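For reference, the structure discussed in these notes is given below.
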Amino acid sequence: MSENSTVVLVHGAFADASGFGGVIRELTDHAVIAPPNPLRGLASDAAALAAVVGAIDGPVVLVGHSYGGAVITQASAGLANVTGLVYLAAFGLDVGESCASVQGPYPPSLLAKTSYPTSFDAPGAAQGPDLYINREQFRETFCADVPVDVADVMWATQRPLSLAALTENATEAGWRTKPSWYLVSEQDNAIPPDAERFMAERMNATTETITGSHTAFIARPVAVAAFIRRALAG
């Protein structure tokens, strides 16, 4: 890959792009953008990302966190300017899999117990409710290694994921034709770490582990930015 690539950071569920603030500050020697991920459905979210990335002049490295990994997987297959994929505790789906189904063989994560559906259908999504994480266990589930006051703000500002997005199957898998890197979060309570390792191994990703929660990139931005730099260097 080219070290002159534009880095595109794609956030996942229950969060927005502001969580990448620390990583962005560490990557000041690179062009970096962090567009919003709609969190409405895999195909439509991937199409939204593809529109942004397709308009970038030059090579692009896509970095996805959590559900954002499913989005970069789907979107990248049709983007010639994407030269690599970086997964941060993220879903590297294969064709015919969903974020829900790929976790099936593993013991349920804490997120399975602490997320709850809205009583109304998710606006703008195909069908079904939105999902949120409850307040009492938000920090333990999602971001156990950030200060309590930071976690409180993250809970209050969380962006929901539609159930339709969680269960929609991938129809493309960009990692089959593009090099990939995977950072496994060893203390992840949202995606089983064993599932992360399975996805990383399947895509033959260059894999490292980090001691941290599902959002280790917030608590340890220097280490995560260094991992992204190693991917940029190829």
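Just so we're on the same page: first chain in the structure tokens is A, next is B, and so on; residues restart at 1 for each chain, and ligands are numbered from 1 in the order they show up.
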Residues of range 13-104 of chain A in strand (DSSP E or B), written as a CSV table (one decimal) with N, CA, C and O atoms, in the first residue's frame:
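That gives us states.csv:
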chain,number,residue,atom,x,y,z
A,32,VAL,N,-6.9,12.2,6.4
A,32,VAL,CA,-7.8,11.4,7.2
A,32,VAL,C,-9.2,12.0,7.1
A,32,VAL,O,-9.4,13.2,7.4
A,33,ILE,N,-10.2,11.2,6.9
A,33,ILE,CA,-11.6,11.6,7.0
A,33,ILE,C,-12.4,10.5,7.8
A,33,ILE,O,-12.0,9.3,7.7
A,60,VAL,N,-6.9,4.7,-1.2
A,60,VAL,CA,-7.6,4.8,0.0
A,60,VAL,C,-7.4,3.6,0.9
A,60,VAL,O,-7.4,2.4,0.3
A,61,VAL,N,-7.2,3.7,2.1
A,61,VAL,CA,-7.2,2.6,3.1
A,61,VAL,C,-8.4,2.8,4.0
A,61,VAL,O,-8.6,3.8,4.6
A,62,LEU,N,-9.3,1.8,4.0
A,62,LEU,CA,-10.5,1.8,4.8
A,62,LEU,C,-10.2,1.2,6.2
A,62,LEU,O,-9.7,0.1,6.3
A,63,VAL,N,-10.6,1.9,7.2
A,63,VAL,CA,-10.5,1.4,8.6
A,63,VAL,C,-11.9,1.3,9.2
A,63,VAL,O,-12.6,2.3,9.3
A,64,GLY,N,-12.3,0.1,9.6
A,64,GLY,CA,-13.6,-0.1,10.2
A,64,GLY,C,-13.6,-0.6,11.6
A,64,GLY,O,-12.8,-1.5,11.9
A,65,HIS,N,-14.4,0.0,12.4
A,65,HIS,CA,-14.6,-0.5,13.8
A,65,HIS,C,-15.9,-1.2,13.9
A,65,HIS,O,-17.0,-0.7,13.5
A,82,VAL,N,-9.5,1.5,-3.4
A,82,VAL,CA,-9.2,1.0,-2.1
A,82,VAL,C,-8.1,-0.1,-2.1
A,82,VAL,O,-8.2,-1.1,-2.8
A,83,THR,N,-7.0,0.2,-1.5
A,83,THR,CA,-5.8,-0.6,-1.5
A,83,THR,C,-5.6,-1.5,-0.3
A,83,THR,O,-4.7,-2.4,-0.3
A,84,GLY,N,-6.4,-1.3,0.7
A,84,GLY,CA,-6.3,-2.1,1.9
A,84,GLY,C,-7.4,-1.9,2.9
A,84,GLY,O,-8.1,-0.9,2.9
A,85,LEU,N,-7.6,-2.9,3.8
A,85,LEU,CA,-8.7,-2.9,4.7
A,85,LEU,C,-8.1,-3.1,6.1
A,85,LEU,O,-7.3,-4.0,6.3
A,86,VAL,N,-8.5,-2.3,7.1
A,86,VAL,CA,-8.0,-2.4,8.5
A,86,VAL,C,-9.2,-2.6,9.4
A,86,VAL,O,-10.2,-1.8,9.3
A,87,TYR,N,-9.2,-3.6,10.2
A,87,TYR,CA,-10.3,-4.0,11.0
A,87,TYR,C,-9.9,-3.8,12.5
A,87,TYR,O,-8.9,-4.3,12.9
A,88,LEU,N,-10.7,-3.0,13.2
A,88,LEU,CA,-10.5,-2.7,14.6
A,88,LEU,C,-11.6,-3.4,15.4
A,88,LEU,O,-12.7,-2.9,15.5
Give me the range 36-81 of chain A side of the contact with range 168-173 of chain A, cut-off 9 Å, one line per residue showing its nearest atom pair and distance in Å at one decimal, counting only C-alpha atoms, sorted by chain and residue number, as JSON lines.
{"residue": "A:Gly41", "atom": "CA", "partner": "A:Glu168", "partner_atom": "CA", "distance": 6.9}
{"residue": "A:Leu42", "atom": "CA", "partner": "A:Glu168", "partner_atom": "CA", "distance": 6.2}
{"residue": "A:Ala43", "atom": "CA", "partner": "A:Ala170", "partner_atom": "CA", "distance": 7.6}
{"residue": "A:Ala70", "atom": "CA", "partner": "A:Ala170", "partner_atom": "CA", "distance": 7.7}
{"residue": "A:Val71", "atom": "CA", "partner": "A:Ala170", "partner_atom": "CA", "distance": 8.9}
{"residue": "A:Ile72", "atom": "CA", "partner": "A:Ala173", "partner_atom": "CA", "distance": 8.8}
{"residue": "A:Thr73", "atom": "CA", "partner": "A:Ala173", "partner_atom": "CA", "distance": 5.2}
{"residue": "A:Gln74", "atom": "CA", "partner": "A:Glu172", "partner_atom": "CA", "distance": 4.9}
{"residue": "A:Ala75", "atom": "CA", "partner": "A:Glu172", "partner_atom": "CA", "distance": 7.7}
{"residue": "A:Ser76", "atom": "CA", "partner": "A:Ala173", "partner_atom": "CA", "distance": 7.7}
{"residue": "A:Ala77", "atom": "CA", "partner": "A:Ala173", "partner_atom": "CA", "distance": 6.1}
{"residue": "A:Gly78", "atom": "CA", "partner": "A:Glu172", "partner_atom": "CA", "distance": 8.5}
Spatial neighbours of Val148 in chain A, max dist 12 Å, only C-alpha atoms, sep filter under 4 positions, as a short mmCIF file (atom, residue, chain, number, x, y, z; two decimals) with all heavy atoms, in the first residue's frame:
data_model
loop_
_atom_site.label_atom_id
_atom_site.label_comp_id
_atom_site.auth_asym_id
_atom_site.auth_seq_id
_atom_site.Cartn_x
_atom_site.Cartn_y
_atom_site.Cartn_z
N ARG A 135 -28.15 1.87 29.97
CA ARG A 135 -27.24 2.80 30.66
C ARG A 135 -26.39 2.11 31.72
O ARG A 135 -25.19 2.38 31.85
CB ARG A 135 -28.04 3.92 31.30
CG ARG A 135 -27.17 4.97 31.98
CD ARG A 135 -27.94 6.18 32.39
NE ARG A 135 -27.05 7.27 32.79
CZ ARG A 135 -27.46 8.52 32.98
NH1 ARG A 135 -28.72 8.83 32.80
NH2 ARG A 135 -26.59 9.47 33.33
N GLU A 136 -27.01 1.21 32.49
CA GLU A 136 -26.33 0.62 33.64
C GLU A 136 -25.09 -0.17 33.25
O GLU A 136 -24.09 -0.19 33.99
CB GLU A 136 -27.29 -0.29 34.40
CG GLU A 136 -28.43 0.45 35.10
CD GLU A 136 -29.51 0.93 34.13
OE1 GLU A 136 -29.53 0.43 32.98
OE2 GLU A 136 -30.30 1.80 34.52
N GLN A 137 -25.12 -0.81 32.09
CA GLN A 137 -23.99 -1.66 31.69
C GLN A 137 -23.31 -1.19 30.41
O GLN A 137 -22.54 -1.93 29.82
CB GLN A 137 -24.49 -3.10 31.53
CG GLN A 137 -24.92 -3.74 32.84
CD GLN A 137 -25.57 -5.08 32.63
OE1 GLN A 137 -26.69 -5.17 32.12
NE2 GLN A 137 -24.88 -6.14 33.02
N PHE A 138 -23.55 0.06 30.04
CA PHE A 138 -22.96 0.58 28.80
C PHE A 138 -21.44 0.53 28.84
O PHE A 138 -20.79 0.03 27.93
CB PHE A 138 -23.44 2.01 28.55
CG PHE A 138 -22.88 2.59 27.27
CD1 PHE A 138 -23.54 2.40 26.07
CD2 PHE A 138 -21.70 3.33 27.26
CE1 PHE A 138 -23.03 2.93 24.87
CE2 PHE A 138 -21.18 3.86 26.09
CZ PHE A 138 -21.85 3.65 24.89
N ARG A 139 -20.86 1.06 29.92
CA ARG A 139 -19.39 1.14 29.99
C ARG A 139 -18.78 -0.25 29.97
O ARG A 139 -17.83 -0.52 29.23
CB ARG A 139 -18.95 1.91 31.22
CG ARG A 139 -17.43 2.06 31.35
CD ARG A 139 -17.07 3.02 32.47
NE ARG A 139 -15.62 3.15 32.60
CZ ARG A 139 -14.87 2.45 33.44
NH1 ARG A 139 -15.45 1.55 34.25
NH2 ARG A 139 -13.57 2.63 33.50
N GLU A 140 -19.30 -1.17 30.78
CA GLU A 140 -18.74 -2.52 30.83
C GLU A 140 -18.86 -3.22 29.48
O GLU A 140 -17.95 -3.94 29.06
CB GLU A 140 -19.47 -3.34 31.90
CG GLU A 140 -18.94 -4.75 32.05
CD GLU A 140 -19.72 -5.58 33.04
OE1 GLU A 140 -20.73 -5.07 33.58
OE2 GLU A 140 -19.35 -6.74 33.26
N PHE A 142 -19.26 -1.77 26.36
CA PHE A 142 -18.77 -1.11 25.15
C PHE A 142 -17.38 -0.49 25.31
O PHE A 142 -16.57 -0.57 24.39
CB PHE A 142 -19.78 -0.02 24.77
CG PHE A 142 -19.65 0.51 23.37
CD1 PHE A 142 -19.87 -0.31 22.27
CD2 PHE A 142 -19.33 1.83 23.14
CE1 PHE A 142 -19.75 0.18 20.98
CE2 PHE A 142 -19.22 2.34 21.85
CZ PHE A 142 -19.43 1.50 20.77
N CYS A 143 -17.11 0.11 26.44
CA CYS A 143 -15.91 0.97 26.54
C CYS A 143 -15.34 0.92 27.95
O CYS A 143 -15.12 1.97 28.57
CB CYS A 143 -16.25 2.40 26.14
SG CYS A 143 -17.66 3.09 27.04
N ALA A 144 -15.07 -0.27 28.44
CA ALA A 144 -14.67 -0.45 29.85
C ALA A 144 -13.35 0.22 30.21
O ALA A 144 -13.06 0.40 31.40
CB ALA A 144 -14.60 -1.94 30.17
N ASP A 152 -20.14 8.02 30.23
CA ASP A 152 -21.47 8.60 30.41
C ASP A 152 -21.87 9.44 29.20
O ASP A 152 -23.03 9.39 28.75
CB ASP A 152 -21.50 9.47 31.67
CG ASP A 152 -21.50 8.66 32.95
OD1 ASP A 152 -21.77 7.44 32.88
OD2 ASP A 152 -21.24 9.25 34.02
N VAL A 153 -20.92 10.19 28.66
CA VAL A 153 -21.21 10.98 27.46
C VAL A 153 -21.44 10.06 26.26
O VAL A 153 -22.35 10.29 25.46
CB VAL A 153 -20.06 11.97 27.18
CG1 VAL A 153 -20.25 12.65 25.83
CG2 VAL A 153 -19.97 13.01 28.28
N MET A 154 -20.64 9.02 26.15
CA MET A 154 -20.80 8.08 25.04
C MET A 154 -22.17 7.40 25.10
O MET A 154 -22.81 7.17 24.06
CB MET A 154 -19.68 7.05 25.06
CG MET A 154 -18.33 7.62 24.69
SD MET A 154 -16.95 6.46 24.94
CE MET A 154 -17.35 5.19 23.72
N TRP A 155 -22.63 7.06 26.31
CA TRP A 155 -23.97 6.48 26.43
C TRP A 155 -25.04 7.47 25.97
O TRP A 155 -25.93 7.12 25.19
CB TRP A 155 -24.27 6.07 27.88
CG TRP A 155 -25.71 5.68 28.02
CD1 TRP A 155 -26.28 4.49 27.68
CD2 TRP A 155 -26.78 6.52 28.45
NE1 TRP A 155 -27.64 4.53 27.89
CE2 TRP A 155 -27.97 5.78 28.37
CE3 TRP A 155 -26.83 7.85 28.91
CZ2 TRP A 155 -29.21 6.30 28.73
CZ3 TRP A 155 -28.07 8.37 29.27
CH2 TRP A 155 -29.23 7.61 29.19
N ALA A 219 -9.36 4.48 24.07
CA ALA A 219 -8.51 4.48 25.26
C ALA A 219 -7.03 4.48 24.91
O ALA A 219 -6.21 5.03 25.66
CB ALA A 219 -8.84 3.26 26.12
#
Atom-to-atom span, CA of Gly12 in chain A and CA of Asp29 in chain A, Å
24.5 Å
Can you check which residues of range 59-172 of chain A DSSP gives as helix (DSSP H, G or I) on the backbone and send them as a PyMOL selection string?
chain A and resi 67-76+101-103+111-114+138-142+148-156+163-167
Would you pick out the contacts of Leu79 in chain A at 8 Å or less, using only C-alpha atoms, so that residues sharing its chain but fewer than 5 positions from it are not included, and give the list as a PyMOL selection string?
chain A and resi 50+53-54
Expected file contents, prior selection, N, CA and C atoms, as an mmCIF file, in the first residue's frame:
data_model
loop_
_atom_site.group_PDB
_atom_site.id
_atom_site.type_symbol
_atom_site.label_atom_id
_atom_site.label_comp_id
_atom_site.auth_asym_id
_atom_site.auth_seq_id
_atom_site.Cartn_x
_atom_site.Cartn_y
_atom_site.Cartn_z
ATOM 1 N N ALA A 50 -19.374 4.015 -0.184
ATOM 2 C CA ALA A 50 -18.780 3.915 -1.520
ATOM 3 C C ALA A 50 -18.872 5.236 -2.268
ATOM 4 N N VAL A 53 -16.001 7.387 -0.839
ATOM 5 C CA VAL A 53 -14.673 6.893 -1.183
ATOM 6 C C VAL A 53 -14.417 6.984 -2.682
ATOM 7 N N GLY A 54 -15.445 6.739 -3.471
ATOM 8 C CA GLY A 54 -15.288 6.809 -4.921
ATOM 9 C C GLY A 54 -14.945 8.195 -5.420
#
